[in-house]
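Asker: Just work19.pdb, nothing more (PDB, C-alpha atoms):
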MODEL        1
ATOM      1  CA  MET A   6      96.462 119.759 106.583
ATOM      2  CA  GLY A   7      93.438 120.961 104.712
ATOM      3  CA  LEU A   8      95.285 123.306 102.376
ATOM      4  CA  LEU A   9      96.806 122.661  98.999
ATOM      5  CA  LYS A  10     100.592 122.485  99.268
ATOM      6  CA  SER A  11     100.911 125.624  97.158
ATOM      7  CA  ASP A  12      98.583 127.433  99.581
ATOM      8  CA  GLN A  13     100.644 126.162 102.521
ATOM      9  CA  ILE A  14     103.792 127.548 100.904
ATOM     10  CA  ARG A  15     102.012 130.858 100.319
ATOM     11  CA  GLU A  16     100.929 130.977 103.993
ATOM     12  CA  ILE A  17     104.440 130.180 105.220
ATOM     13  CA  LEU A  18     105.940 132.908 103.043
ATOM     14  CA  ALA A  19     103.428 135.369 104.519
ATOM     15  CA  LEU A  20     104.590 134.727 108.088
ATOM     16  CA  PRO A  21     106.360 137.895 109.283
ATOM     17  CA  ARG A  22     109.575 136.100 110.289
ATOM     18  CA  VAL A  23     109.752 134.167 107.008
ATOM     19  CA  LYS A  24     108.806 137.179 104.907
ATOM     20  CA  GLN A  25     111.553 139.239 106.583
ATOM     21  CA  ALA A  26     114.144 136.491 106.084
ATOM     22  CA  TRP A  27     113.092 136.193 102.436
ATOM     23  CA  ARG A  28     113.407 139.945 101.975
ATOM     24  CA  GLU A  29     116.884 139.919 103.553
ATOM     25  CA  ALA A  30     117.994 137.007 101.370
ATOM     26  CA  THR A  31     116.524 138.173  98.064
ATOM     27  CA  GLY A  32     116.001 141.912  98.386
ATOM     28  CA  SER A  33     112.255 141.662  97.755
ATOM     29  CA  ASP A  34     109.090 140.284  99.280
ATOM     30  CA  PRO A  35     108.027 136.785  98.242
ATOM     31  CA  ALA A  36     105.872 136.831  95.117
ATOM     32  CA  GLU A  37     103.540 134.356  93.437
ATOM     33  CA  ARG A  38     106.350 133.272  91.092
ATOM     34  CA  ASP A  39     108.310 132.273  94.214
ATOM     35  CA  VAL A  40     105.378 130.205  95.465
ATOM     36  CA  CYS A  41     105.244 128.433  92.086
ATOM     37  CA  ARG A  42     108.986 127.837  92.021
ATOM     38  CA  LEU A  43     109.029 126.472  95.578
ATOM     39  CA  PHE A  44     106.013 124.261  94.881
ATOM     40  CA  ASP A  45     107.629 122.900  91.716
ATOM     41  CA  SER A  46     110.750 122.064  93.756
ATOM     42  CA  PHE A  47     108.738 120.597  96.629
ATOM     43  CA  VAL A  48     106.664 118.061  94.679
ATOM     44  CA  PRO A  49     109.564 115.846  93.504
ATOM     45  CA  MET A  50     111.055 115.860  97.011
ATOM     46  CA  GLN A  51     107.704 114.856  98.488
ATOM     47  CA  ILE A  52     107.292 112.022  95.996
ATOM     48  CA  ASP A  53     110.817 110.771  96.747
ATOM     49  CA  CYS A  54     110.230 110.485 100.500
ATOM     50  CA  ILE A  55     106.501 109.865 100.898
ATOM     51  CA  GLU A  56     106.605 106.073 100.769
ATOM     52  CA  GLU A  57     109.292 105.933 103.447
ATOM     53  CA  HIS A  58     107.435 108.307 105.763
ATOM     54  CA  SER A  59     103.813 107.251 105.406
ATOM     55  CA  GLU A  60     101.796 104.261 106.499
ATOM     56  CA  VAL A  61      98.420 102.850 105.658
ATOM     57  CA  ILE A  62      96.077 103.256 108.631
ATOM     58  CA  ALA A  63      95.693  99.982 110.527
ATOM     59  CA  GLY A  64      92.602  98.048 109.472
ATOM     60  CA  VAL A  65      92.006  99.960 106.247
ATOM     61  CA  PRO A  66      93.330  97.296 103.834
ATOM     62  CA  GLU A  67      91.158  94.648 105.469
ATOM     63  CA  LEU A  68      88.092  96.880 105.355
ATOM     64  CA  VAL A  69      88.689  97.676 101.692
ATOM     65  CA  ASP A  70      89.007  93.951 100.919
ATOM     66  CA  LYS A  71      85.731  93.220 102.740
ATOM     67  CA  LEU A  72      83.910  96.026 100.965
ATOM     68  CA  ARG A  73      85.203  94.915  97.573
ATOM     69  CA  THR A  74      84.233  91.308  98.308
ATOM     70  CA  ALA A  75      80.725  92.551  99.135
ATOM     71  CA  ASP A  76      80.738  94.491  95.841
ATOM     72  CA  VAL A  77      80.430  97.788  97.716
ATOM     73  CA  ARG A  78      81.705 100.733  95.731
ATOM     74  CA  ILE A  79      84.316 102.768  97.576
ATOM     75  CA  GLY A  80      84.856 106.485  97.189
ATOM     76  CA  SER A  81      87.068 108.988  98.893
ATOM     77  CA  THR A  82      88.300 112.508  98.498
ATOM     78  CA  THR A  83      91.874 113.624  98.867
ATOM     79  CA  GLY A  84      94.245 116.353  97.827
ATOM     80  CA  CYS A  85      96.748 113.666  96.951
ATOM     81  CA  THR A  86      97.502 112.698  93.399
ATOM     82  CA  ARG A  87      97.956 109.222  91.938
ATOM     83  CA  GLU A  88     101.653 110.029  91.473
ATOM     84  CA  ARG A  89     102.115 110.901  95.162
ATOM     85  CA  HIS A  90     100.032 108.076  96.667
ATOM     86  CA  PRO A  91      99.588 105.256  94.150
ATOM     87  CA  ILE A  92      98.235 102.899  96.826
ATOM     88  CA  LEU A  93      95.192 105.146  97.273
ATOM     89  CA  PHE A  94      94.332 104.681  93.635
ATOM     90  CA  SER A  95      94.787 100.938  93.236
ATOM     91  CA  ASP A  96      92.156  99.251  91.123
TER      92      ASP A  96
ENDMDL
END
Reformat the file's structure so that it appears as structure tokens.

Answerer:
Amino acid sequence: MGLLKSDQIREILALPRVKQAWREATGSDPAERDVCRLFDSFVPMQIDCIEEHSEVIAGVPELVDKLRTADVRIGSTTGCTRERHPILFSD
């Protein structure tokens, strides 16, 4: 948590054990093009399973309703996109 998914992939590929396994499997060290390819493969898989494996934090929907009723503007920051977490971006 706290890193972009592409940065997480980059960090994983830099781990000595993973880097060695990659080298043995491909004949070369992981490169930026590999990070991009893995990230591009990862995103659709994440979108497919995220709804099944995520939950709204207890109490948040009620709080949001109360704030909206009180005409309080709500803001947040996240690395998630509308496509990945549409509930976070409901109007």

Asker: Quick check, in Å to one decimal: how far apart do CA of Ser81 (chain A) and CA of Asp45 (chain A) lie?

Answerer: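 Computing it gives 25.8 Å between the two atoms.
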
Asker: Which protein, DNA or RNA residues are at most 10 Å from (106.4, 131.3, 97.8) in the file's coordinates when you count only C-alpha atoms, listed as a PyMOL selection string?

Answerer: chain A and resi 11-19+24+27+34-44

Asker: Suppose you want the space between CA of Phe47 (chain A) and CA of Leu9 (chain A); what is it in Å?

Answerer: 12.3 Å

Asker: Using Å and a single decimal, report how far CA of Cys54 (chain A) sits from CA of Lys10 (chain A).

Answerer: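 About the pair CA of Lys10 (chain A) and CA of Cys54 (chain A): they are 15.4 Å apart.
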